[in-house]
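J.: Please read through the structure below; I'll follow up with questions.
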Amino acid sequence: MRPGHRASTIRRRMEPFRILDSDGNLLGDPPLDLDETRRLFAAMVSARTYDHKASAMQRQGRLATYPPFEGQEAAQIGSAAAIRPDDWMVGTYRDAAAMWMHGFPWMNLLLARIGDERGGSPPEGIRCLPASITVGAHMIHAVGLAWAERLQGTDSVAITYFGDGATSEGDFHEAMNFAGVYRTPTVFVCENNQYAISMPRARQTASETIAVKAVAYGFPGEFVDGNDLFAVYAVTA
């Protein structure tokens with residue numbers, strides 16, 4: 001959350017927050033108008049097209065290891081659309097859609113997959129770090145960037161993405177603890193696909209949900225349907 005923004009009441013939600021049902025029907029008022037909804041839907045289509053193409057190129061031997069993100073487009077596009085250009089983004093190897101939405105070109109993302117150093121260089125003025133390969137380690141950098149913005153007196157935030165497996169890493173707990181103690185303007189986005197590589201979520205954490213972990217560190221946590229573009233946008237904004 002941004003400096004000066006009052007935290008909402010911490011909620012232990014056992015069912016994910018939704019604005020759309022599984023058939024796409026509205027359950028509440030959408031947070032976006034029709035034009036913006038069209039724009040973000042087009043962005044999700046672009047992201048899936050990139051993902052399918054990159055997956056095919058990897059199978060052809062034209063790219064190195066490629067982690068697909070199909071099914072996570074709404075989580076990434078919806079959250080990235082809710083932040084500003086002067087906010088920081090720190091993602092993982094599976095967050096190409098969010099990075100692209102924040103200004104990181106598709107070409108650079110592809111270059112990174114063939115070992116070209118230009119793939120790790122965002123254009124001038126784009127506040128997006130290169131994709132992190134080490135599981136969980138990048139969240140500490142996001143907290144540091146957010147803290148630096150706070151010390152400089154800005155209202156910029158840092159958003160960071162990770163999978164549910166990263167919540168079992170020590171770096172996750174250090175980042176969350178620091179963010180809670182120093183009240184850094186950091187948004188943690190866990191894209192929970194129910195598996196950490198081949199380890200199911202139920203075997204790698206005893207928490208009722210991933211979102212409830214935020215409670216221990218003293219800031220709000222929201223359990224949201226990651227396939228609901230409206231819900232993801234509303235919670236992030």
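All residue names refer to the structure tokens as shown: chains lettered A, B, ... in order, residues numbered from 1 in each chain, ligands numbered from 1 in order.
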Using only C-alpha atoms, which residues sit within 6 Å of Cys128 in chain A once same-chain residues fewer than 2 positions away are excluded, as a ChimeraX atom specification?
T.: /A:88-89,126
J.: Take the residues that were just selected and, keeping C-alpha atoms, output them as a CSV table (one decimal), in the first residue's frame.
T.:
chain,number,residue,atom,x,y,z
A,88,TRP,CA,8.7,-0.8,-9.1
A,89,MET,CA,8.1,-4.4,-10.3
A,126,ILE,CA,11.0,1.4,-16.9
J.: As a PDB file with C-alpha atoms, in the first residue's frame, please: the residues near Ile83 in chain A (cut-off 9 Å, only C-alpha atoms, same-chain neighbours under 2 positions excluded).
T.:
ATOM      1  CA  SER A  79      -2.237  -6.611 -10.831  1.00  0.00           C
ATOM      2  CA  ALA A  80       0.224  -4.898 -13.176  1.00  0.00           C
ATOM      3  CA  ALA A  81      -2.537  -2.670 -14.541  1.00  0.00           C
ATOM      4  CA  PRO A  85       4.706   3.742 -14.120  1.00  0.00           C
ATOM      5  CA  ASP A  86       6.676   5.176 -11.182  1.00  0.00           C
ATOM      6  CA  ASP A  87       6.146   2.000  -9.140  1.00  0.00           C
ATOM      7  CA  TRP A  88       8.707  -0.796  -9.091  1.00  0.00           C
ATOM      8  CA  HIS A 102       4.862  -2.637 -16.938  1.00  0.00           C
ATOM      9  CA  VAL A 157       5.333   1.195  -4.234  1.00  0.00           C
ATOM     10  CA  ALA A 158       7.117  -2.017  -5.200  1.00  0.00           C
ATOM     11  CA  ILE A 159       5.172  -5.051  -6.355  1.00  0.00           C
ATOM     12  CA  THR A 236      -4.188  -4.672  -5.909  1.00  0.00           C
ATOM     13  CA  ALA A 237      -5.454  -1.126  -6.429  1.00  0.00           C
TER      14      ALA A 237
END
J.: Do you know which residues are at most 6 Å from Asp225 in chain A counting only C-alpha atoms, after dropping those on the same chain fewer than 6 positions away, and could you put them as number ranges by chain?
T.: A: 16-18
J.: How close does range 127-170 of chain A get to range 194-197 of chain A? List, as CSV, each residue of range 127-170 of chain A within 12 Å, its nearest atom pair and the distance in Å to one decimal, counting only C-alpha atoms.
T.:
residue,atom,partner,partner_atom,distance
A:Val135,CA,A:Ala196,CA,10.3
A:Gly136,CA,A:Ala196,CA,11.8
A:Phe162,CA,A:Ala196,CA,10.7
A:Gly163,CA,A:Ala196,CA,7.3
A:Asp164,CA,A:Ala196,CA,6.3
A:Gly165,CA,A:Ala196,CA,4.3
A:Ala166,CA,A:Ala196,CA,7.8
A:Thr167,CA,A:Ala196,CA,9.6
A:Ser168,CA,A:Ala196,CA,9.4
A:Glu169,CA,A:Ala196,CA,11.2
J.: Among range 55-196 of chain A, which residues carry a DSSP assignment of helix (DSSP H, G or I), reported as a PyMOL selection string?
T.: chain A and resi 55-59+73-81+96-101+106-112+117-120+138-151+164-168+170-182
J.: Go through A:Phe188, A:Tyr93, A:Trp100, A:Phe230 and flag the residue nearest Ala43 in chain A, using only C-alpha atoms for the distances.
T.: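 Of A:Phe188, A:Tyr93, A:Trp100, A:Phe230, the one nearest Ala43 in chain A, counting only C-alpha atoms, is A:Trp100.
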J.: I'd like the neighbourhood of Pro30 in chain A as a PyMOL selection string, where a residue qualifies if any of its atoms comes within 7 Å (using only C-alpha atoms), though same-chain residues fewer than 2 positions away should be ignored.
T.: chain A and resi 19+28+32+230
J.: Put those residues in a file: C-alpha atoms, as a PDB file, in the first residue's frame.
T.:
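What landed in result_14.pdb:
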ATOM      1  CA  ILE A  19     -16.265 -10.282  -8.878  1.00  0.00           C
ATOM      2  CA  GLY A  28     -20.616  -7.274  -8.041  1.00  0.00           C
ATOM      3  CA  LEU A  32     -13.022  -1.020 -14.632  1.00  0.00           C
ATOM      4  CA  PHE A 230     -11.640  -7.626 -11.932  1.00  0.00           C
TER       5      PHE A 230
END
